[in-house]
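**Student:** Just one file: input.cif, with mmCIF, C-alpha atoms.
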data_query
loop_
_atom_site.label_atom_id
_atom_site.label_comp_id
_atom_site.auth_asym_id
_atom_site.auth_seq_id
_atom_site.Cartn_x
_atom_site.Cartn_y
_atom_site.Cartn_z
CA MET A 1 -24.66 -28.64 -71.76
CA SER A 2 -24.74 -31.65 -74.07
CA ASP A 3 -27.68 -34.01 -73.98
CA PHE A 4 -27.01 -37.58 -73.05
CA SER A 5 -29.59 -40.32 -72.96
CA LEU A 6 -29.82 -44.05 -72.46
CA ASN A 7 -32.04 -46.78 -73.80
CA ILE A 8 -31.93 -49.86 -71.62
CA ARG A 9 -33.26 -53.29 -72.50
CA GLU A 10 -32.58 -56.88 -71.50
CA LYS A 11 -31.73 -59.82 -73.71
CA GLY A 12 -31.80 -62.87 -71.49
CA ASP A 13 -29.20 -62.34 -68.78
CA VAL A 14 -27.56 -59.45 -70.62
CA VAL A 15 -28.46 -55.80 -70.08
CA VAL A 16 -28.01 -53.86 -73.32
CA ILE A 17 -27.49 -50.13 -72.83
CA GLU A 18 -27.60 -47.87 -75.86
CA THR A 19 -26.10 -44.44 -75.27
CA THR A 20 -26.69 -41.26 -77.22
CA GLY A 21 -24.49 -38.20 -76.80
CA TYR A 22 -21.14 -37.10 -75.40
CA LEU A 23 -19.74 -39.65 -72.94
CA ASN A 24 -18.28 -37.20 -70.43
CA ASN A 25 -18.62 -37.12 -66.63
CA VAL A 26 -22.38 -36.61 -66.88
CA GLY A 27 -22.87 -39.39 -69.42
CA GLY A 28 -20.54 -41.73 -67.56
CA GLU A 29 -22.45 -41.21 -64.32
CA LYS A 30 -25.73 -41.97 -66.06
CA VAL A 31 -24.31 -45.24 -67.41
CA SER A 32 -22.92 -46.07 -63.98
CA GLU A 33 -26.25 -45.40 -62.26
CA ALA A 34 -28.07 -47.59 -64.79
CA CYS A 35 -25.59 -50.43 -64.28
CA CYS A 36 -25.76 -50.14 -60.49
CA GLU A 37 -29.56 -50.30 -60.52
CA LYS A 38 -29.48 -53.44 -62.64
CA MET A 39 -26.73 -54.95 -60.50
CA ASP A 40 -28.97 -54.42 -57.49
CA ASP A 41 -31.50 -56.56 -59.36
CA GLY A 42 -28.88 -59.29 -59.76
CA LYS A 43 -27.72 -58.50 -63.30
CA LYS A 44 -24.01 -58.83 -64.01
CA TYR A 45 -23.59 -58.86 -67.79
CA PHE A 46 -23.67 -55.48 -69.51
CA LEU A 47 -23.29 -54.64 -73.19
CA LEU A 48 -22.93 -51.00 -74.24
CA ASN A 49 -23.92 -49.89 -77.72
CA LEU A 50 -21.85 -46.74 -78.32
CA GLU A 51 -22.95 -46.16 -81.91
CA ASN A 52 -24.41 -42.79 -81.02
CA SER A 53 -21.61 -41.74 -78.66
CA LYS A 54 -18.79 -40.99 -81.06
CA VAL A 55 -17.25 -38.38 -78.77
CA VAL A 56 -15.93 -39.36 -75.35
CA ASN A 57 -13.51 -37.93 -72.84
CA SER A 58 -11.23 -39.59 -70.33
CA ILE A 59 -13.43 -38.61 -67.39
CA GLY A 60 -16.42 -40.44 -68.86
CA VAL A 61 -14.26 -43.43 -69.74
CA SER A 62 -12.79 -43.45 -66.20
CA ILE A 63 -16.31 -44.04 -64.92
CA LEU A 64 -16.45 -47.17 -67.09
CA ILE A 65 -13.38 -48.34 -65.14
CA GLU A 66 -15.45 -47.95 -61.97
CA ILE A 67 -18.15 -50.15 -63.53
CA ILE A 68 -15.55 -52.78 -64.46
CA GLU A 69 -14.32 -52.73 -60.87
CA LYS A 70 -17.83 -53.25 -59.50
CA LEU A 71 -18.48 -56.08 -61.96
CA GLN A 72 -15.24 -57.81 -60.96
CA ASP A 73 -16.68 -58.12 -57.45
CA VAL A 74 -19.66 -60.12 -58.74
CA ASP A 75 -17.83 -62.03 -61.48
CA GLY A 76 -19.65 -59.98 -64.10
CA LYS A 77 -18.68 -58.76 -67.55
CA LEU A 78 -18.75 -55.50 -69.49
CA GLY A 79 -18.68 -55.39 -73.28
CA TYR A 80 -19.14 -52.80 -76.03
CA TYR A 81 -20.08 -52.72 -79.67
CA ASN A 82 -20.46 -50.16 -82.47
CA LEU A 83 -17.44 -48.21 -81.26
CA ALA A 84 -16.06 -45.37 -83.38
CA PRO A 85 -12.39 -46.13 -84.18
CA ILE A 86 -11.16 -43.26 -81.98
CA VAL A 87 -13.25 -44.52 -79.07
CA GLU A 88 -11.80 -48.02 -79.44
CA LYS A 89 -8.31 -46.53 -79.62
CA THR A 90 -8.98 -44.53 -76.45
CA PHE A 91 -10.19 -47.70 -74.68
CA ASN A 92 -7.00 -49.46 -75.79
CA ILE A 93 -4.72 -46.67 -74.57
CA MET A 94 -6.49 -46.56 -71.22
CA GLY A 95 -6.35 -50.34 -70.89
CA LEU A 96 -10.09 -50.99 -70.73
CA THR A 97 -9.79 -53.72 -73.34
CA LYS A 98 -7.71 -55.79 -70.89
CA TYR A 99 -10.67 -56.03 -68.54
CA SER A 100 -13.66 -55.72 -70.86
CA THR A 101 -14.37 -56.71 -74.45
CA VAL A 102 -15.04 -54.89 -77.70
CA TYR A 103 -17.44 -56.82 -79.95
CA SER A 104 -18.22 -56.21 -83.60
CA SER A 105 -21.99 -56.50 -83.17
CA GLU A 106 -24.75 -56.99 -80.62
CA ALA A 107 -25.11 -60.63 -81.66
CA GLU A 108 -21.40 -61.28 -81.12
CA GLY A 109 -21.61 -59.50 -77.78
CA LEU A 110 -24.57 -61.55 -76.62
CA ASP A 111 -22.74 -64.74 -77.67
CA GLY A 112 -19.58 -63.59 -75.91
CA MET A 113 -21.41 -62.87 -72.69
CA ALA A 114 -23.20 -66.21 -72.63
CA MET B 1 -4.75 -12.73 -103.35
CA SER B 2 -1.91 -15.14 -102.59
CA PRO B 3 -2.60 -17.73 -99.87
CA LYS B 4 -0.89 -17.24 -96.51
CA LYS B 5 1.92 -19.69 -95.86
CA THR B 6 0.95 -20.27 -92.24
CA PRO B 7 -2.81 -19.90 -91.85
CA LYS B 8 -3.94 -19.47 -88.24
CA VAL B 9 -7.20 -19.95 -86.42
CA GLU B 10 -7.55 -18.52 -82.93
CA LEU B 11 -10.24 -19.57 -80.51
CA THR B 12 -11.05 -18.22 -77.05
CA LEU B 13 -13.13 -20.58 -74.95
CA PRO B 14 -14.84 -19.57 -71.72
CA ILE B 15 -14.50 -22.17 -68.97
CA ILE B 16 -17.99 -23.60 -69.31
CA PRO B 17 -18.88 -27.32 -69.22
CA ASP B 18 -18.72 -29.02 -72.63
CA MET B 19 -17.19 -25.96 -74.34
CA GLU B 20 -14.40 -28.32 -75.46
CA LEU B 21 -16.86 -29.52 -78.09
CA ALA B 22 -16.51 -26.13 -79.78
CA ALA B 23 -12.76 -26.75 -80.01
CA ILE B 24 -13.19 -30.08 -81.79
CA LYS B 25 -15.63 -28.56 -84.28
CA THR B 26 -12.96 -26.02 -85.19
CA ALA B 27 -10.32 -28.76 -85.36
CA GLU B 28 -12.51 -30.73 -87.78
CA VAL B 29 -12.75 -27.74 -90.11
CA VAL B 30 -8.98 -27.13 -89.96
CA ALA B 31 -8.23 -30.82 -90.51
CA LYS B 32 -10.58 -30.90 -93.49
CA HIS B 33 -8.86 -27.83 -94.94
CA MET B 34 -5.53 -29.68 -94.62
CA ASP B 35 -7.08 -32.79 -96.17
CA LEU B 36 -6.12 -34.90 -93.15
CA ASP B 37 -7.66 -38.36 -93.10
CA GLU B 38 -10.51 -39.23 -90.72
CA GLU B 39 -8.28 -41.17 -88.34
CA LYS B 40 -5.87 -38.28 -87.82
CA SER B 41 -8.72 -35.79 -87.57
CA ALA B 42 -10.35 -37.92 -84.85
CA GLU B 43 -7.04 -38.27 -82.97
CA ILE B 44 -6.58 -34.49 -83.04
CA GLY B 45 -10.13 -34.04 -81.76
CA MET B 46 -9.65 -36.45 -78.86
CA ALA B 47 -6.29 -34.93 -77.87
CA LEU B 48 -7.81 -31.47 -78.04
CA ILE B 49 -10.71 -32.48 -75.79
CA GLU B 50 -8.22 -33.74 -73.21
CA ALA B 51 -5.96 -30.69 -73.43
CA THR B 52 -8.95 -28.36 -73.13
CA ILE B 53 -10.59 -30.09 -70.17
CA ASN B 54 -7.19 -30.26 -68.45
CA ALA B 55 -6.89 -26.52 -68.92
CA PHE B 56 -10.45 -26.04 -67.64
CA GLU B 57 -10.08 -28.31 -64.64
CA HIS B 58 -6.53 -27.79 -63.48
CA SER B 59 -5.67 -24.24 -64.36
CA GLU B 60 -7.80 -22.44 -61.77
CA SER B 61 -7.55 -19.70 -64.32
CA ASP B 62 -8.36 -16.14 -63.26
CA SER B 63 -9.06 -15.08 -66.81
CA GLY B 64 -11.91 -17.54 -67.18
CA ASN B 65 -10.75 -18.36 -70.70
CA VAL B 66 -8.61 -20.90 -72.50
CA GLU B 67 -6.87 -19.85 -75.72
CA ILE B 68 -6.48 -22.33 -78.55
CA HIS B 69 -4.38 -21.53 -81.60
CA PHE B 70 -4.28 -23.68 -84.70
CA VAL B 71 -1.39 -22.99 -87.07
CA ILE B 72 -0.91 -24.81 -90.36
CA GLN B 73 2.82 -25.03 -91.06
CA GLY B 74 3.16 -26.76 -94.40
CA ASP B 75 1.94 -30.31 -93.89
CA THR B 76 1.92 -30.02 -90.09
CA LEU B 77 -0.86 -28.80 -87.85
CA VAL B 78 0.39 -27.10 -84.69
CA ILE B 79 -2.12 -26.62 -81.88
CA LYS B 80 -1.39 -24.55 -78.78
CA VAL B 81 -3.73 -24.70 -75.79
CA THR B 82 -2.97 -21.96 -73.26
CA ASP B 83 -4.41 -21.18 -69.88
CA LYS B 84 -3.42 -18.54 -67.35
CA GLY B 85 -3.68 -20.83 -64.36
CA ARG B 86 -1.21 -21.84 -61.68
CA GLY B 87 0.77 -24.26 -63.83
CA PHE B 88 1.92 -27.78 -63.06
CA ASP B 89 5.11 -29.83 -62.90
CA GLN B 90 5.03 -32.59 -65.48
CA ALA B 91 7.53 -34.56 -63.39
CA ASN B 92 4.82 -34.96 -60.74
CA VAL B 93 2.35 -36.48 -63.18
CA LYS B 94 2.39 -40.24 -62.84
CA VAL B 95 1.87 -42.40 -65.94
CA PRO B 96 -1.55 -43.98 -65.35
CA LYS B 97 -2.02 -47.75 -65.44
CA ILE B 98 -5.41 -49.41 -65.32
CA GLU B 99 -4.04 -52.12 -63.03
CA GLU B 100 -3.36 -49.41 -60.46
CA LYS B 101 -6.61 -47.57 -61.12
CA LEU B 102 -8.68 -50.68 -60.40
CA GLY B 103 -8.98 -50.78 -56.63
CA SER B 104 -7.96 -47.15 -56.30
CA ASP B 105 -10.27 -44.27 -55.42
CA HIS B 106 -8.69 -42.15 -58.16
CA LYS B 107 -9.71 -43.43 -61.58
CA ARG B 108 -8.96 -40.24 -63.48
CA GLY B 109 -5.69 -38.67 -64.63
CA TRP B 110 -5.46 -39.99 -68.21
CA GLY B 111 -5.41 -36.73 -70.15
CA LEU B 112 -1.67 -36.26 -70.69
CA GLN B 113 -1.19 -39.93 -71.55
CA LEU B 114 -3.89 -39.77 -74.21
CA ILE B 115 -2.53 -36.55 -75.70
CA GLN B 116 0.96 -38.05 -75.94
CA GLU B 117 -0.30 -41.26 -77.53
CA LEU B 118 -2.56 -39.54 -80.07
CA MET B 119 -0.37 -36.70 -81.30
CA ASP B 120 3.00 -36.78 -83.09
CA THR B 121 4.72 -34.40 -80.69
CA VAL B 122 3.66 -32.80 -77.42
CA GLU B 123 5.48 -30.14 -75.39
CA PHE B 124 4.50 -28.48 -72.15
CA GLU B 125 5.57 -25.05 -70.96
CA SER B 126 4.32 -24.34 -67.50
CA SER B 127 4.95 -21.68 -64.89
CA PRO B 128 2.96 -20.14 -62.04
CA GLU B 129 1.58 -17.75 -64.68
CA GLY B 130 0.07 -20.44 -66.84
CA THR B 131 0.53 -23.45 -69.09
CA THR B 132 0.81 -23.92 -72.82
CA VAL B 133 0.49 -27.36 -74.37
CA THR B 134 1.88 -27.45 -77.91
CA MET B 135 0.97 -30.49 -79.95
CA THR B 136 1.55 -31.33 -83.58
CA LYS B 137 0.14 -33.72 -86.13
CA LYS B 138 1.76 -34.29 -89.50
CA LYS B 139 -0.36 -34.94 -92.58
#
Would it be possible to restate this file's structure as structure tokens?

**Tutor:**
Amino acid sequence: MSDFSLNIREKGDVVVIETTGYLNNVGGEKVSEACCEKMDDGKKYFLLNLENSKVVNSIGVSILIEIIEKLQDVDGKLGYYNLAPIVEKTFNIMGLTKYSTVYSSEAEGLDGMA
Amino acid sequence: MSPKKTPKVELTLPIIPDMELAAIKTAEVVAKHMDLDEEKSAEIGMALIEATINAFEHSESDSGNVEIHFVIQGDTLVIKVTDKGRGFDQANVKVPKIEEKLGSDHKRGWGLQLIQELMDTVEFESSPEGTTVTMTKKK
């Protein structure tokens, strides 16, 4: 089984989650659990750094749709940066970019979430 | 020794979680051999992940294996993903839309859509004896 890990930090009101590994069902659930825990603490702005997750599948990405849905309920936002081109294309095909934002860098993401 | 006109690579994958990653490693080697650019190689890899996990998840295969054949036909890569499961009717597969997924309990079901968007051609042959997805990418 592939390893998947998260590094979570906060920059002001924004929770930055850096993922490492294959974003499949297991990885997606880990991201979802991390977001839910932070949402329970009142956080509603999340920025995912996917630099080290260059391989994804639609099951993992579907779990990001669940996160978007939960954030819509609290007027929150989900963003991403450092996406591999194929990951961004997958997000476009699946429509995630209609409801969340791809940024070119962490700084742009933090500005966009402000 | 003269080169074969249609080189083939055959892969048998046991239905084990994450084994689809072995398929994309093979696809990368084949794509490199064909001198495909990085974008096309990545599209093939993503489509192959989806075809393989569909075969794993939906086939209920008795054989416990999924067969993947890569065939280089001139400047076209042909990939066949075959399972021996119960088959499916493509007409019953709804085109997914995120607007409908949001608010629904069923967020999944994107595999076929992704495969069709990422590859040049996609054909399905399915019967109660199994399914073969044939997809192509031109150089």

**Student:** Starting from the PyMOL selection byres ((chain A and resi 89) around 12), expand the selection into actual residues of this file and give them as a PyMOL selection string.

**Tutor:** (chain A and resi 54+56+58+61+83-88+90-97+102) or (chain B and resi 39-40+42-43+46-47+114+117-118)

**Student:** What gap, in Å, lies between CA of Lys94 (chain B) and CA of Thr82 (chain B)?

**Tutor:**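 Computed distance, CA of Lys94 (chain B) to CA of Thr82 (chain B), equals 21.7 Å.
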
**Student:** Using all atoms listed in the file, pick whichever of A:Val74, A:Leu110, A:Ala34, A:Val26 has the shortest atom-to-atom distance to chain B.

**Tutor:**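 When distances to chain B are compared using all atoms listed in the file, the smallest one comes from A:Val26.
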
**Student:** Counting only C-alpha atoms, which of B:Met34, B:Ile79, B:Ile24, B:Val9 gets nearest to chain A?

**Tutor:**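 When distances to chain A are compared using only C-alpha atoms, the smallest one comes from B:Ile24.
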
**Student:** Hey, which bits of chain B sit within 9 Å of chain A, and for each residue what's the closest pair of atoms and how far apart in Å (one decimal), counting all atoms listed in the file, rows by chain and increasing number, as CSV?

**Tutor:**
residue,atom,partner,partner_atom,distance
B:Ile16,CA,A:Met1,CA,8.7
B:Pro17,CA,A:Met1,CA,6.4
B:Asp18,CA,A:Met1,CA,6.0
B:Met19,CA,A:Met1,CA,8.3
B:Leu21,CA,A:Val55,CA,8.9
B:Glu39,CA,A:Ile86,CA,7.3
B:Ala42,CA,A:Ile86,CA,6.1
B:Glu43,CA,A:Ile86,CA,6.5
B:Gly45,CA,A:Val55,CA,8.9
B:Met46,CA,A:Asn57,CA,7.3
B:Ile49,CA,A:Asn57,CA,6.8
B:Glu50,CA,A:Asn57,CA,6.8
B:Ile53,CA,A:Asn57,CA,8.8
B:Pro96,CA,A:Met94,CA,8.1
B:Lys97,CA,A:Met94,CA,7.4
B:Ile98,CA,A:Gly95,CA,5.7
B:Glu99,CA,A:Gly95,CA,8.4
B:Lys101,CA,A:Ile65,CA,7.9
B:Leu102,CA,A:Glu69,CA,6.0
B:Gly103,CA,A:Glu69,CA,7.1
B:Lys107,CA,A:Ser62,CA,5.6
B:Arg108,CA,A:Ser62,CA,5.7
B:Gly109,CA,A:Ser58,CA,8.0
B:Trp110,CA,A:Ser58,CA,6.2
B:Gly111,CA,A:Ser58,CA,6.5
B:Gln113,CA,A:Ile93,CA,8.2
B:Leu114,CA,A:Ile93,CA,7.0
B:Glu117,CA,A:Ile93,CA,7.6
B:Leu118,CA,A:Thr90,CA,8.9

**Student:** What residues come out when you apply the PyMOL selection byres ((chain A and resi 106) around 10) to this file, written as a list of chain:residue names?

**Tutor:** A:Val16, A:Leu47, A:Leu48, A:Asn49, A:Gly79, A:Tyr80, A:Tyr81, A:Asn82, A:Tyr103, A:Ser104, A:Ser105, A:Ala107, A:Glu108, A:Gly109, A:Leu110, A:Asp111, A:Gly112

**Student:** Looking at A:Asp3, A:Glu18, A:Glu29, A:Glu10, which one is nearest to Tyr45 (chain A), with distances taken over all atoms listed in the file?

**Tutor:**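 Answer, going by the shortest atom-to-atom distance: A:Glu10.
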
**Student:** Check what the PyMOL selection byres ((chain B and resi 36) around 12) selects in the file above and give those residues as a PyMOL selection string.

**Tutor:** chain B and resi 27-35+37-44+72+75-77+137-139

**Student:** Find the distance between CA of Thr134 (chain B) and CA of Gln73 (chain B) and write it in Å to one decimal.

**Tutor:** 13.4 Å

**Student:** Please, what distance in Å, to one decimal, runs between CA of Val78 (chain B) and CA of Lys8 (chain B)?

**Tutor:** 9.5 Å

**Student:** Out of A:Asp73, A:Phe4, A:Gly28, A:Asp13, which residue has the shortest atom-to-atom distance to Ala114 (chain A) when counting all atoms listed in the file?

**Tutor:** A:Asp13

**Student:** Go through A:Asn52, A:Gly21, A:Lys38, A:Asp75 one by one, measure the shortest atom-to-atom distance of each to Arg9 (chain A) using only C-alpha atoms, and give the residue with the smallest value.

**Tutor:**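 Using only C-alpha atoms, the shortest distance to Arg9 (chain A) belongs to A:Lys38.
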
**Student:** With 7 Å as the threshold, what does the neighbourhood of (-6.8, -20.7, -73.9) contain in terms of residues, counting only C-alpha atoms? Coordinates are those of the file; answer as a PyMOL selection string.

**Tutor:** chain B and resi 12-13+65-68+81-83

**Student:** Calculated over only C-alpha atoms, which of the candidates B:His69, B:Gln116, B:Leu48, B:Thr132 has the smallest distance to Leu11 (chain B)?

**Tutor:**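 Closest residue, counting only C-alpha atoms: B:His69.
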
**Student:** Please, what is the axis-aligned box for every listed atom of region 54-62 of chain A with 6 Å on each side, as centre and edge lengths in Å to one decimal, as lines of an AutoDock Vina configuration file?

**Tutor:**
center_x = -15.0
center_y = -40.7
center_z = -73.6
size_x = 19.6
size_y = 17.5
size_z = 26.9

**Student:** Taking N, CA and C atoms as the atom set, what does region 78-93 of chain A look like once completed, written as a short mmCIF file (atom, residue, chain, number, x, y, z; two decimals), in the frame of the given file?

**Tutor:**
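The resulting out-v6.cif:
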data_model
loop_
_atom_site.label_atom_id
_atom_site.label_comp_id
_atom_site.auth_asym_id
_atom_site.auth_seq_id
_atom_site.Cartn_x
_atom_site.Cartn_y
_atom_site.Cartn_z
N LEU A 78 -18.34 -56.69 -68.74
CA LEU A 78 -18.75 -55.50 -69.49
C LEU A 78 -18.22 -55.64 -70.91
N GLY A 79 -19.09 -55.35 -71.87
CA GLY A 79 -18.68 -55.39 -73.28
C GLY A 79 -19.23 -54.18 -74.01
N TYR A 80 -18.72 -53.95 -75.23
CA TYR A 80 -19.14 -52.80 -76.03
C TYR A 80 -19.26 -53.25 -77.49
N TYR A 81 -20.08 -52.53 -78.22
CA TYR A 81 -20.08 -52.72 -79.67
C TYR A 81 -20.45 -51.41 -80.35
N ASN A 82 -20.22 -51.39 -81.67
CA ASN A 82 -20.46 -50.16 -82.47
C ASN A 82 -19.59 -49.00 -81.99
N LEU A 83 -18.34 -49.27 -81.70
CA LEU A 83 -17.44 -48.21 -81.26
C LEU A 83 -16.86 -47.47 -82.47
N ALA A 84 -16.83 -46.15 -82.40
CA ALA A 84 -16.06 -45.37 -83.38
C ALA A 84 -14.59 -45.75 -83.21
N PRO A 85 -13.81 -45.74 -84.30
CA PRO A 85 -12.39 -46.13 -84.18
C PRO A 85 -11.62 -45.35 -83.12
N ILE A 86 -11.90 -44.05 -82.98
CA ILE A 86 -11.16 -43.26 -81.98
C ILE A 86 -11.57 -43.65 -80.56
N VAL A 87 -12.81 -44.08 -80.40
CA VAL A 87 -13.25 -44.52 -79.07
C VAL A 87 -12.57 -45.85 -78.71
N GLU A 88 -12.50 -46.74 -79.69
CA GLU A 88 -11.80 -48.02 -79.44
C GLU A 88 -10.33 -47.77 -79.13
N LYS A 89 -9.72 -46.84 -79.87
CA LYS A 89 -8.31 -46.53 -79.62
C LYS A 89 -8.12 -45.96 -78.21
N THR A 90 -9.04 -45.11 -77.81
CA THR A 90 -8.98 -44.53 -76.45
C THR A 90 -9.11 -45.64 -75.39
N PHE A 91 -10.02 -46.57 -75.62
CA PHE A 91 -10.19 -47.70 -74.68
C PHE A 91 -8.90 -48.53 -74.62
N ASN A 92 -8.26 -48.70 -75.77
CA ASN A 92 -7.00 -49.46 -75.79
C ASN A 92 -5.91 -48.74 -75.01
N ILE A 93 -5.77 -47.44 -75.27
CA ILE A 93 -4.72 -46.67 -74.57
C ILE A 93 -4.94 -46.71 -73.06
#
